[in-house]
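So this one's coords23.txt, compact mmCIF, C-alpha atoms:
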```
# COMPACT_ATOMS: atom_id res chain seq x y z
CA MET A 775 -34.65 26.60 -32.20
CA SER A 776 -33.41 27.55 -28.73
CA LYS A 777 -30.62 30.08 -28.38
CA TYR A 778 -29.35 28.67 -25.08
CA ARG A 779 -29.52 25.38 -23.17
CA VAL A 780 -29.49 25.25 -19.36
CA LEU A 781 -29.06 22.02 -17.37
CA LEU A 782 -30.90 21.55 -14.06
CA THR A 783 -29.19 18.64 -12.35
CA ASP A 784 -31.84 18.02 -9.67
CA ARG A 785 -34.64 19.83 -7.85
CA PRO A 786 -37.03 19.22 -4.94
CA TRP A 787 -39.87 21.28 -6.44
CA ALA A 788 -42.58 20.00 -8.76
CA ASP A 789 -42.37 22.25 -11.81
CA LEU A 790 -40.15 24.70 -13.66
CA GLU A 791 -42.64 27.52 -14.13
CA ILE A 792 -40.56 30.16 -12.32
CA GLU A 793 -37.44 29.26 -14.29
CA LYS A 794 -39.34 29.23 -17.59
CA LYS A 795 -40.94 32.62 -16.90
CA ILE A 796 -37.52 34.24 -16.50
CA LEU A 797 -35.45 32.28 -19.01
CA SER A 798 -37.78 31.36 -21.87
CA PRO A 799 -38.09 34.98 -23.12
CA ILE A 800 -34.33 35.04 -23.85
CA GLY A 801 -34.46 31.75 -25.73
CA VAL A 802 -33.46 29.23 -23.06
CA GLU A 803 -34.29 25.54 -23.30
CA LEU A 804 -34.29 23.90 -19.85
CA ILE A 805 -32.72 20.44 -19.71
CA ASP A 806 -34.22 18.66 -16.69
CA SER A 807 -31.96 15.76 -15.71
CA PRO A 808 -33.82 12.52 -14.85
CA ASP A 809 -31.25 11.76 -12.13
CA GLY A 810 -28.16 13.26 -10.54
CA SER A 811 -25.67 10.56 -11.47
CA GLU A 812 -22.29 11.62 -12.82
CA SER A 813 -22.80 9.66 -16.05
CA SER A 814 -26.15 11.31 -16.76
CA LEU A 815 -24.87 14.78 -15.97
CA GLN A 816 -21.75 14.28 -18.09
CA GLU A 817 -23.87 13.38 -21.09
CA LEU A 818 -26.40 16.15 -20.59
CA ALA A 819 -23.79 18.84 -19.83
CA ALA A 820 -22.34 18.70 -23.33
CA ASN A 821 -23.26 21.88 -25.21
CA VAL A 822 -25.14 23.53 -22.35
CA ASP A 823 -24.61 27.22 -21.63
CA ALA A 824 -25.27 27.01 -17.87
CA ILE A 825 -25.68 24.49 -15.07
CA ALA A 826 -27.91 24.90 -12.02
CA THR A 827 -27.55 22.33 -9.25
CA CYS A 828 -29.25 21.69 -5.94
CA TRP A 829 -27.59 18.67 -4.34
CA ALA A 830 -26.19 16.67 -7.27
CA GLU A 831 -22.41 16.45 -7.57
CA VAL A 832 -21.06 18.67 -10.34
CA THR A 833 -17.75 16.84 -10.55
CA GLU A 834 -14.62 17.55 -12.57
CA LYS A 835 -15.86 15.22 -15.30
CA VAL A 836 -19.20 17.01 -15.48
CA VAL A 837 -17.57 20.45 -15.57
CA ARG A 838 -15.10 19.42 -18.29
CA SER A 839 -17.95 17.95 -20.34
CA ALA A 840 -19.70 21.32 -20.39
CA LYS A 841 -17.53 22.85 -23.12
CA ASN A 842 -19.78 25.88 -23.64
CA CYS A 843 -20.76 26.47 -20.01
CA LYS A 844 -20.76 30.12 -18.98
CA VAL A 845 -21.88 29.78 -15.33
CA ILE A 846 -22.52 27.11 -12.68
CA CYS A 847 -25.14 28.09 -10.11
CA ARG A 848 -25.64 26.45 -6.75
CA MET A 849 -29.32 26.50 -5.85
CA GLY A 850 -28.54 27.03 -2.18
CA ILE A 851 -25.73 28.10 0.13
CA GLY A 852 -23.08 25.38 0.44
CA LEU A 853 -20.66 24.75 -2.39
CA ASP A 854 -19.19 21.36 -1.49
CA ASN A 855 -20.99 19.60 -4.37
CA ILE A 856 -19.33 21.71 -7.08
CA ASP A 857 -15.74 21.28 -8.32
CA ILE A 858 -14.92 24.97 -8.04
CA GLU A 859 -11.23 24.42 -8.78
CA THR A 860 -11.97 22.97 -12.21
CA ALA A 861 -14.57 25.65 -12.91
CA SER A 862 -12.03 28.35 -12.10
CA GLU A 863 -9.42 26.68 -14.30
CA LEU A 864 -11.90 26.73 -17.19
CA LYS A 865 -12.87 30.37 -16.49
CA ILE A 866 -16.41 29.48 -15.43
CA PRO A 867 -17.95 31.63 -12.68
CA VAL A 868 -19.67 29.78 -9.84
CA THR A 869 -22.50 31.41 -7.88
CA ASN A 870 -24.64 30.63 -4.87
CA VAL A 871 -27.40 32.28 -2.80
CA PRO A 872 -25.69 32.78 0.58
CA ASP A 873 -28.62 34.39 2.40
CA TYR A 874 -31.20 31.87 1.22
CA CYS A 875 -33.46 30.05 3.75
CA VAL A 876 -31.65 31.52 6.77
CA GLU A 877 -34.86 32.03 8.74
CA GLU A 878 -36.24 28.62 7.78
CA VAL A 879 -33.16 26.66 8.87
CA ALA A 880 -32.91 28.60 12.12
CA ASP A 881 -36.59 27.88 12.84
CA HIS A 882 -36.13 24.20 12.00
CA THR A 883 -33.11 24.02 14.30
CA MET A 884 -35.16 25.38 17.18
CA GLY A 885 -37.96 22.97 16.30
CA LEU A 886 -35.59 20.01 16.60
CA LEU A 887 -34.16 21.43 19.82
CA LEU A 888 -37.62 21.67 21.40
CA ALA A 889 -38.68 18.27 20.08
CA LEU A 890 -35.61 16.73 21.74
CA LYS A 891 -35.45 18.60 25.03
CA ARG A 892 -39.21 18.60 25.68
CA ASN A 893 -39.55 14.93 24.60
CA ILE A 894 -42.04 15.94 21.90
CA GLY A 895 -40.59 13.52 19.37
CA PHE A 896 -40.39 10.71 21.92
CA PHE A 897 -43.95 11.11 23.22
CA HIS A 898 -45.37 11.58 19.73
CA GLN A 899 -43.92 8.25 18.65
CA ARG A 900 -45.04 6.43 21.80
CA THR A 901 -48.59 7.80 21.75
CA LYS A 902 -48.99 6.87 18.07
CA GLN A 903 -48.08 3.33 19.12
CA GLY A 904 -50.87 3.40 21.72
CA GLU A 905 -48.80 4.18 24.83
CA TYR A 906 -49.94 7.13 26.97
CA ASN A 907 -47.35 7.20 29.72
CA LEU A 908 -45.62 10.34 30.97
CA LYS A 909 -43.24 8.26 33.08
CA ALA A 910 -41.83 6.50 30.02
CA GLY A 911 -40.01 9.61 28.82
CA PRO A 912 -36.41 10.56 29.56
CA PRO A 913 -35.90 13.18 32.31
CA MET A 914 -36.53 16.76 31.20
CA GLN A 915 -34.70 19.86 32.37
CA ARG A 916 -35.63 23.52 32.14
CA LEU A 917 -34.25 25.18 29.02
CA LYS A 918 -33.54 28.50 30.72
CA GLY A 919 -29.87 28.60 31.66
CA MET A 920 -28.96 25.44 29.71
CA ARG A 921 -25.90 25.84 27.49
CA LEU A 922 -26.35 25.62 23.72
CA GLY A 923 -23.11 25.40 21.77
CA LEU A 924 -23.16 26.53 18.14
CA ILE A 925 -20.40 25.14 15.94
CA GLY A 926 -20.26 27.74 13.19
CA PHE A 927 -21.58 31.28 13.46
CA GLY A 928 -22.57 32.34 9.96
CA ARG A 929 -25.94 33.82 9.04
CA ILE A 930 -27.91 30.78 10.21
CA GLY A 931 -25.90 30.35 13.41
CA ARG A 932 -26.52 33.98 14.31
CA GLU A 933 -30.26 33.60 13.71
CA VAL A 934 -30.32 30.52 15.96
CA TYR A 935 -28.43 32.55 18.59
CA GLN A 936 -31.17 35.20 18.64
CA ARG A 937 -33.97 32.66 18.84
CA ALA A 938 -32.28 30.59 21.53
CA ARG A 939 -31.63 33.61 23.71
CA ALA A 940 -35.38 34.32 23.68
CA PHE A 941 -35.82 30.91 25.35
CA GLY A 942 -33.27 31.85 28.01
CA LEU A 943 -30.60 29.45 26.78
CA ASP A 944 -26.97 30.17 27.57
CA VAL A 945 -25.62 30.37 24.02
CA VAL A 946 -21.95 30.09 23.09
CA ALA A 947 -20.28 29.51 19.74
CA SER A 948 -17.04 28.34 18.19
CA THR A 949 -15.56 29.29 14.83
CA PRO A 950 -12.00 29.32 13.48
CA SER A 951 -12.17 33.13 13.15
CA GLY A 952 -13.69 33.80 16.55
CA ASN A 953 -15.82 36.54 14.96
CA GLN A 954 -19.01 37.16 16.93
CA TYR A 955 -20.30 39.79 14.46
CA GLY A 956 -21.22 42.29 17.16
CA THR A 957 -23.70 39.94 18.82
CA ASP A 958 -21.94 39.62 22.20
CA CYS A 959 -22.14 35.84 21.84
CA PRO A 960 -19.24 34.30 23.82
CA MET A 961 -16.79 32.62 21.44
CA LEU A 962 -15.07 29.52 22.83
CA PRO A 963 -12.40 27.12 21.62
CA LEU A 964 -14.09 24.06 20.15
CA LYS A 965 -12.83 21.77 22.91
CA GLU A 966 -14.34 23.98 25.62
CA LEU A 967 -17.63 24.19 23.75
CA LEU A 968 -17.79 20.40 23.46
CA GLN A 969 -16.98 19.96 27.15
CA THR A 970 -19.52 22.45 28.50
CA SER A 971 -22.56 22.36 26.20
CA LYS A 972 -25.66 20.29 26.92
CA ILE A 973 -26.97 20.92 23.40
CA ILE A 974 -24.68 21.17 20.36
CA SER A 975 -25.96 22.47 17.03
CA LEU A 976 -23.93 22.34 13.84
CA HIS A 977 -23.83 25.32 11.46
CA ALA A 978 -20.43 24.89 9.83
CA PRO A 979 -19.63 24.43 6.13
CA LEU A 980 -18.41 21.04 4.93
CA THR A 981 -14.70 21.12 4.13
CA ASP A 982 -11.81 18.66 4.38
CA GLU A 983 -11.18 20.04 7.88
CA THR A 984 -14.79 19.73 9.09
CA GLN A 985 -15.65 16.31 7.66
CA HIS A 986 -16.58 14.09 10.64
CA LEU A 987 -15.88 17.01 12.95
CA LEU A 988 -18.00 15.16 15.49
CA ASP A 989 -16.23 11.82 15.66
CA ALA A 990 -15.59 9.35 18.49
CA THR A 991 -12.95 11.64 20.03
CA ALA A 992 -15.31 14.62 19.99
CA PHE A 993 -18.15 12.64 21.58
CA GLU A 994 -15.83 11.49 24.35
CA GLN A 995 -15.24 15.12 25.32
CA MET A 996 -18.94 15.93 25.70
CA PRO A 997 -20.91 15.75 28.97
CA ALA A 998 -23.22 12.80 29.45
CA GLY A 999 -26.74 13.46 28.20
CA VAL A 1000 -25.80 15.92 25.47
CA CYS A 1001 -28.17 16.45 22.54
CA ILE A 1002 -26.89 16.89 18.98
CA ILE A 1003 -28.64 18.86 16.21
CA ASN A 1004 -27.50 18.96 12.59
CA THR A 1005 -29.24 21.11 9.97
CA SER A 1006 -26.02 21.92 8.11
CA ARG A 1007 -24.23 19.06 6.32
CA GLY A 1008 -24.53 15.35 7.07
CA PRO A 1009 -20.80 14.48 6.86
CA LEU A 1010 -20.00 16.87 9.71
CA ILE A 1011 -20.96 13.92 11.94
CA ASP A 1012 -19.52 10.41 11.85
CA PRO A 1013 -22.81 8.43 11.98
CA VAL A 1014 -21.11 5.31 13.37
CA ALA A 1015 -19.58 7.32 16.21
CA LEU A 1016 -22.93 9.03 16.87
CA GLU A 1017 -24.75 5.73 17.18
CA GLN A 1018 -22.08 4.37 19.51
CA ALA A 1019 -22.33 7.51 21.67
CA ILE A 1020 -26.12 7.10 21.89
CA GLN A 1021 -25.82 3.44 22.82
CA ALA A 1022 -23.26 4.32 25.49
CA GLY A 1023 -25.54 6.96 26.99
CA LYS A 1024 -23.18 9.82 26.20
CA VAL A 1025 -25.67 11.33 23.72
CA ALA A 1026 -29.25 11.54 24.96
CA GLY A 1027 -30.74 12.33 21.58
CA ALA A 1028 -30.11 13.72 18.12
CA GLY A 1029 -32.14 15.81 15.70
CA LEU A 1030 -30.94 15.25 12.13
CA ASP A 1031 -32.10 16.95 8.95
CA VAL A 1032 -28.97 16.05 6.93
CA PHE A 1033 -27.16 12.76 6.56
CA ASP A 1034 -24.06 10.87 5.46
CA PRO A 1035 -24.86 9.45 2.93
CA GLU A 1036 -27.94 11.29 1.72
CA PRO A 1037 -30.60 10.08 1.41
CA PRO A 1038 -29.92 7.71 4.30
CA ASP A 1039 -30.95 4.10 4.67
CA LEU A 1040 -33.86 4.57 7.05
CA ASN A 1041 -33.63 0.92 8.04
CA ASP A 1042 -30.28 1.70 9.64
CA SER A 1043 -30.45 1.19 13.41
CA LEU A 1044 -29.33 4.78 14.03
CA TYR A 1045 -32.40 6.23 12.32
CA GLN A 1046 -34.71 3.63 13.84
CA ASN A 1047 -33.62 4.64 17.35
CA GLU A 1048 -36.42 6.49 19.14
CA LYS A 1049 -33.84 8.92 20.54
CA VAL A 1050 -33.13 10.18 17.03
CA ILE A 1051 -35.50 12.58 15.27
CA VAL A 1052 -35.17 12.49 11.49
CA THR A 1053 -36.50 14.99 8.95
CA PRO A 1054 -35.86 14.61 5.18
CA HIS A 1055 -33.55 17.57 4.51
CA ALA A 1056 -36.58 19.80 5.02
CA ALA A 1057 -35.08 22.68 7.02
CA PHE A 1058 -34.63 24.93 4.01
CA VAL A 1059 -38.21 24.68 2.79
CA SER A 1060 -40.87 27.34 2.72
CA GLU A 1061 -42.87 28.57 -0.24
CA GLU A 1062 -41.33 32.01 0.15
CA ALA A 1063 -37.75 30.73 0.38
CA LEU A 1064 -38.08 28.49 -2.66
CA THR A 1065 -39.62 31.23 -4.76
CA ASP A 1066 -36.80 33.58 -3.81
CA LEU A 1067 -34.15 30.95 -4.49
CA ARG A 1068 -35.47 29.90 -7.87
CA THR A 1069 -35.96 33.48 -8.99
CA ARG A 1070 -32.48 34.57 -8.00
CA VAL A 1071 -30.75 31.58 -9.59
CA ALA A 1072 -32.68 32.08 -12.82
CA MET A 1073 -31.71 35.76 -12.77
CA GLN A 1074 -28.04 34.82 -12.24
CA ILE A 1075 -28.20 32.65 -15.35
CA LYS A 1076 -30.07 35.32 -17.34
CA THR A 1077 -27.51 37.97 -16.38
CA VAL A 1078 -24.58 35.83 -17.55
CA LEU A 1079 -26.24 34.82 -20.82
CA GLU A 1080 -26.94 38.48 -21.54
CA GLY A 1081 -23.28 39.36 -20.97
CA GLY A 1082 -23.45 40.66 -17.42
CA VAL A 1083 -21.87 39.74 -14.08
CA PRO A 1084 -24.23 37.84 -11.74
CA GLU A 1085 -24.60 38.31 -8.00
CA ASN A 1086 -22.64 36.19 -5.54
CA VAL A 1087 -19.76 34.93 -7.67
CA VAL A 1088 -17.66 32.82 -5.28
CA ASN A 1089 -14.56 32.06 -7.35
CA GLU A 1090 -11.82 33.83 -9.27
CA TYR A 1091 -11.95 32.93 -12.94
```

Represent the structure of the file as C-alpha cells.
Amino acid sequence: MSKYRVLLTDRPWADLEIEKKILSPIGVELIDSPDGSESSLQELAANVDAIATCWAEVTEKVVRSAKNCKVICRMGIGLDNIDIETASELKIPVTNVPDYCVEEVADHTMGLLLALKRNIGFFHQRTKQGEYNLKAGPPMQRLKGMRLGLIGFGRIGREVYQRARAFGLDVVASTPSGNQYGTDCPMLPLKELLQTSKIISLHAPLTDETQHLLDATAFEQMPAGVCIINTSRGPLIDPVALEQAIQAGKVAGAGLDVFDPEPPDLNDSLYQNEKVIVTPHAAFVSEEALTDLRTRVAMQIKTVLEGGVPENVVNEY
C-alpha cells in the first residue's frame, strides 16, 4: 500500500518515468488525471498529499477538496492557474520553477520575430500552396536599428534583450518597476513604448492589471505596420482587438505561442489569417528543459513529504 498519493493534473510529456524514479522509492503513488476539468480534479484531489499542475486550473474548490495536501507545485513559471490565496489560508505552500525554460522561450521569441519580419512564415505557407513569388510578400525592412519593445523584463525578457541586440535591434522595455537589472536597456513608460516600437514582444505575468493589456486602445497607440509577439500568456492580448487591428492594417503580423482561450479554435479567422504565425504553446519545450523541470518539481514534492522546505516557495502560509 502506498504511503503517499500525488496528483498530476495535466502534462505535455508522454510518460512519468522521471517522477516515478524520484518519488516511488519514498512510497508515492502517482494519480494521473485523465483531464484537467475542475470536477475531475476535485474528485481526484481528495486524500492526496501533493498536487503538481502544468496548465490545469487548481481552483478554490480543488484546493479545498485536497484535505491532506502538503504542497501544490506549478510545473512552470507562471502562477495564474493556482488559487494561491486559498492555499495560503489552508497553510499549503505553493512552489514554481522560476528559471525554467528561459533560454527556450527567448529563442522561440526570436524565431517568431524572424519569421514575421523576414516573411519566412508568409513565404513558407505560399510556397507549400504552390506559389513561388517573391513579389507577393509584404515589404521587408532591415532589422538593424529597428525598435523592439519588450513589455516585461524578467528573466526571459532579459534573455530576449541580449539576443535582439546581437541582431542590431534597438531594444527598449517597460515594466512597472522600471528595473533594468544592470543591462543598460532603456526603460520607457508603456505608452511611449507602444508609440515608438515597430515590434512589440510580451513577457509580462498575467494579473488582473495585465489581462488584455493589449486592447483596442493600446493598438490605436501603435505605429502602422507593427508586429506583435506573445510567448507569455494568451490573455495579455484581446484577440478580438488584435484581429481588428490586423484587418485595419495597424498590425502587420503577429506571432502567437499562447492564446485566449487555450487551446484556441484554429478555425477562428484570426488564426487562419496568413499574417498570423501560430505555434501550439511550444516555446518552453526542449528535452533538457523538460528533464530539469520534472526533476525539480518531483524533488520539491519529495522534500515536503520528507518534512523539509522545498525550493521556490511563493506564498506565506

Inset, instruction - List every protein, DNA or RNA residue that has an atom no more than 6 Å from (-42.9, 7.9, 25.9) in the file's coordinate frame, counting only C-alpha atoms, and report them as a ChimeraX atom specification. - result: /A:896-897,900,907,910-911

Please produce a file of the residues just selected, as a tab-separated table (two decimals), keeping the file's coordinate frame, where the atoms kept are C-alpha atoms.
```
chain	number	residue	atom	x	y	z
A	896	PHE	CA	-40.39	10.71	21.92
A	897	PHE	CA	-43.95	11.11	23.22
A	900	ARG	CA	-45.04	6.43	21.80
A	907	ASN	CA	-47.35	7.20	29.72
A	910	ALA	CA	-41.83	6.50	30.02
A	911	GLY	CA	-40.01	9.61	28.82
```

Could you give me, as a PDB file with C-alpha atoms, keeping the file's coordinate frame, the residues that sit within 10 Å of (-37.7, 18.5, -9.7) in the file's coordinates, counting all atoms listed in the file?
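See selection-v1.pdb below for the written result:
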```
ATOM      1  CA  LEU A 782     -30.900  21.550 -14.060  1.00  0.00           C
ATOM      2  CA  THR A 783     -29.190  18.640 -12.350  1.00  0.00           C
ATOM      3  CA  ASP A 784     -31.840  18.020  -9.670  1.00  0.00           C
ATOM      4  CA  ARG A 785     -34.640  19.830  -7.850  1.00  0.00           C
ATOM      5  CA  PRO A 786     -37.030  19.220  -4.940  1.00  0.00           C
ATOM      6  CA  TRP A 787     -39.870  21.280  -6.440  1.00  0.00           C
ATOM      7  CA  ALA A 788     -42.580  20.000  -8.760  1.00  0.00           C
ATOM      8  CA  ASP A 789     -42.370  22.250 -11.810  1.00  0.00           C
ATOM      9  CA  LEU A 790     -40.150  24.700 -13.660  1.00  0.00           C
ATOM     10  CA  ASP A 806     -34.220  18.660 -16.690  1.00  0.00           C
ATOM     11  CA  SER A 807     -31.960  15.760 -15.710  1.00  0.00           C
ATOM     12  CA  PRO A 808     -33.820  12.520 -14.850  1.00  0.00           C
ATOM     13  CA  ASP A 809     -31.250  11.760 -12.130  1.00  0.00           C
ATOM     14  CA  CYS A 828     -29.250  21.690  -5.940  1.00  0.00           C
TER      15      CYS A 828
END
```

Legend entry - Nearby residues (all atoms listed in the file) at most 9 Å from Leu853 in chain A, same-chain spacing under 2 positions excluded, as a ChimeraX atom specification: /A:848,850-851,855-858,869-870,979-980

Inset, instruction - Using all atoms listed in the file, find the one residue out of A:Ser862, A:Thr883, A:Gln1021, A:Thr833 that sits nearest to Thr1005 in chain A. - result: A:Thr883

Inset, instruction - Check the smallest atom-to-atom distance from each of A:Asn821, A:Asn953, A:Ser813, A:Asn1047 to Lys835 in chain A using all atoms listed in the file, then report the winner. - result: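 Of all the options, A:Ser813 lies closest to Lys835 in chain A.
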
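Note that CA of Val871 in chain A and CA of Leu1030 in chain A are 22.9 Å apart.
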
Legend entry - Coordinates-based distance that separates CA of Cys875 in chain A from CA of His977 in chain A (Å, one decimal): 13.2 Å

Inset, instruction - Figure out the distance between CA of Trp829 in chain A and CA of Thr991 in chain A, please, to one decimal in Å. - result: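 So the answer is 29.3 Å.
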
Inset, instruction - For Asp1034 in chain A, list every protein, DNA or RNA residue within 9 Å, evaluated using all atoms listed in the file, and leave out those in the same chain fewer than 2 positions away; present the list as a VMD selection string. - result: chain A and resid 1007 to 1013 1032 1036 to 1038

Legend entry - Top pick for closest residue to Ala1072 in chain A, considering A:Asp881, A:Glu791, A:Glu863, A:Glu834 and counting all atoms listed in the file: A:Glu791

Legend entry - Selection near Tyr778 in chain A, 8 Å with all atoms listed in the file, sequence-local residues under 4 positions removed, as a ChimeraX atom specification: /A:801-803,822-823

Restricting the output to C-alpha atoms, write the selected residues as a compact mmCIF listing (two decimals), keeping the file's coordinate frame.
```
# COMPACT_ATOMS: atom_id res chain seq x y z
CA GLY A 801 -34.46 31.75 -25.73
CA VAL A 802 -33.46 29.23 -23.06
CA GLU A 803 -34.29 25.54 -23.30
CA VAL A 822 -25.14 23.53 -22.35
CA ASP A 823 -24.61 27.22 -21.63
```

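The shortest atom-to-atom distance to Gln969 in chain A, with all atoms listed in the file taken into account, belongs to A:Leu922 out of A:Ala880, A:Leu797, A:Ile930, A:Leu922.
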
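Using only C-alpha atoms, the smallest distance between any of A:Leu1044, A:Val934, A:Leu815, A:Val780 and Ile974 in chain A comes from A:Val934.
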
Written-out range 858-867 of chain A (all heavy atoms) as an mmCIF file, in the first residue's frame:
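Below is the file selection.cif, written as the result:
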```
data_model
loop_
_atom_site.group_PDB
_atom_site.id
_atom_site.type_symbol
_atom_site.label_atom_id
_atom_site.label_comp_id
_atom_site.auth_asym_id
_atom_site.auth_seq_id
_atom_site.Cartn_x
_atom_site.Cartn_y
_atom_site.Cartn_z
ATOM 1 N N ILE A 858 -3.724 30.735 -5.098
ATOM 2 C CA ILE A 858 -2.704 30.857 -4.050
ATOM 3 C C ILE A 858 -3.322 31.368 -2.752
ATOM 4 O O ILE A 858 -2.910 30.963 -1.655
ATOM 5 C CB ILE A 858 -1.569 31.784 -4.523
ATOM 6 C CG1 ILE A 858 -0.864 31.167 -5.741
ATOM 7 C CG2 ILE A 858 -0.560 32.022 -3.400
ATOM 8 C CD1 ILE A 858 0.221 32.031 -6.330
ATOM 9 N N GLU A 859 -4.319 32.242 -2.853
ATOM 10 C CA GLU A 859 -4.949 32.783 -1.653
ATOM 11 C C GLU A 859 -5.556 31.676 -0.793
ATOM 12 O O GLU A 859 -5.373 31.640 0.433
ATOM 13 C CB GLU A 859 -6.016 33.806 -2.048
ATOM 14 C CG GLU A 859 -6.671 34.489 -0.857
ATOM 15 C CD GLU A 859 -7.676 35.544 -1.282
ATOM 16 O OE1 GLU A 859 -7.720 35.897 -2.479
ATOM 17 O OE2 GLU A 859 -8.413 36.042 -0.405
ATOM 18 N N THR A 860 -6.276 30.765 -1.431
ATOM 19 C CA THR A 860 -6.875 29.657 -0.687
ATOM 20 C C THR A 860 -5.799 28.722 -0.142
ATOM 21 O O THR A 860 -5.894 28.240 0.998
ATOM 22 C CB THR A 860 -7.853 28.874 -1.582
ATOM 23 O OG1 THR A 860 -8.891 29.752 -2.029
ATOM 24 C CG2 THR A 860 -8.474 27.712 -0.838
ATOM 25 N N ALA A 861 -4.769 28.461 -0.942
ATOM 26 C CA ALA A 861 -3.677 27.612 -0.468
ATOM 27 C C ALA A 861 -3.021 28.208 0.772
ATOM 28 O O ALA A 861 -2.744 27.499 1.750
ATOM 29 C CB ALA A 861 -2.653 27.418 -1.577
ATOM 30 N N SER A 862 -2.797 29.516 0.761
ATOM 31 C CA SER A 862 -2.182 30.178 1.911
ATOM 32 C C SER A 862 -3.083 30.097 3.137
ATOM 33 O O SER A 862 -2.619 29.847 4.256
ATOM 34 C CB SER A 862 -1.885 31.643 1.575
ATOM 35 O OG SER A 862 -0.990 31.737 0.489
ATOM 36 N N GLU A 863 -4.381 30.298 2.901
ATOM 37 C CA GLU A 863 -5.351 30.199 4.010
ATOM 38 C C GLU A 863 -5.301 28.824 4.663
ATOM 39 O O GLU A 863 -5.403 28.696 5.891
ATOM 40 C CB GLU A 863 -6.761 30.479 3.474
ATOM 41 C CG GLU A 863 -7.874 30.278 4.501
ATOM 42 C CD GLU A 863 -9.242 30.195 3.854
ATOM 43 O OE1 GLU A 863 -9.444 30.805 2.780
ATOM 44 O OE2 GLU A 863 -10.122 29.506 4.418
ATOM 45 N N LEU A 864 -5.117 27.789 3.842
ATOM 46 C CA LEU A 864 -5.103 26.419 4.344
ATOM 47 C C LEU A 864 -3.697 25.942 4.715
ATOM 48 O O LEU A 864 -3.492 24.748 4.970
ATOM 49 C CB LEU A 864 -5.709 25.491 3.289
ATOM 50 C CG LEU A 864 -7.177 25.771 2.928
ATOM 51 C CD1 LEU A 864 -7.642 24.848 1.819
ATOM 52 C CD2 LEU A 864 -8.074 25.642 4.144
ATOM 53 N N LYS A 865 -2.738 26.883 4.737
ATOM 54 C CA LYS A 865 -1.360 26.587 5.155
ATOM 55 C C LYS A 865 -0.672 25.600 4.215
ATOM 56 O O LYS A 865 0.122 24.749 4.642
ATOM 57 C CB LYS A 865 -1.324 26.036 6.590
ATOM 58 C CG LYS A 865 -2.103 26.849 7.613
ATOM 59 C CD LYS A 865 -1.543 28.252 7.750
ATOM 60 C CE LYS A 865 -2.277 29.022 8.848
ATOM 61 N NZ LYS A 865 -1.833 30.437 8.937
ATOM 62 N N ILE A 866 -0.964 25.725 2.923
ATOM 63 C CA ILE A 866 -0.334 24.861 1.928
ATOM 64 C C ILE A 866 0.695 25.678 1.152
ATOM 65 O O ILE A 866 0.347 26.675 0.517
ATOM 66 C CB ILE A 866 -1.373 24.289 0.947
ATOM 67 C CG1 ILE A 866 -2.459 23.508 1.682
ATOM 68 C CG2 ILE A 866 -0.681 23.405 -0.097
ATOM 69 C CD1 ILE A 866 -3.608 23.084 0.789
ATOM 70 N N PRO A 867 1.966 25.297 1.178
ATOM 71 C CA PRO A 867 2.955 26.010 0.367
ATOM 72 C C PRO A 867 2.729 25.779 -1.122
ATOM 73 O O PRO A 867 2.303 24.697 -1.536
ATOM 74 C CB PRO A 867 4.287 25.411 0.823
ATOM 75 C CG PRO A 867 3.944 24.072 1.367
ATOM 76 C CD PRO A 867 2.566 24.192 1.954
#
```
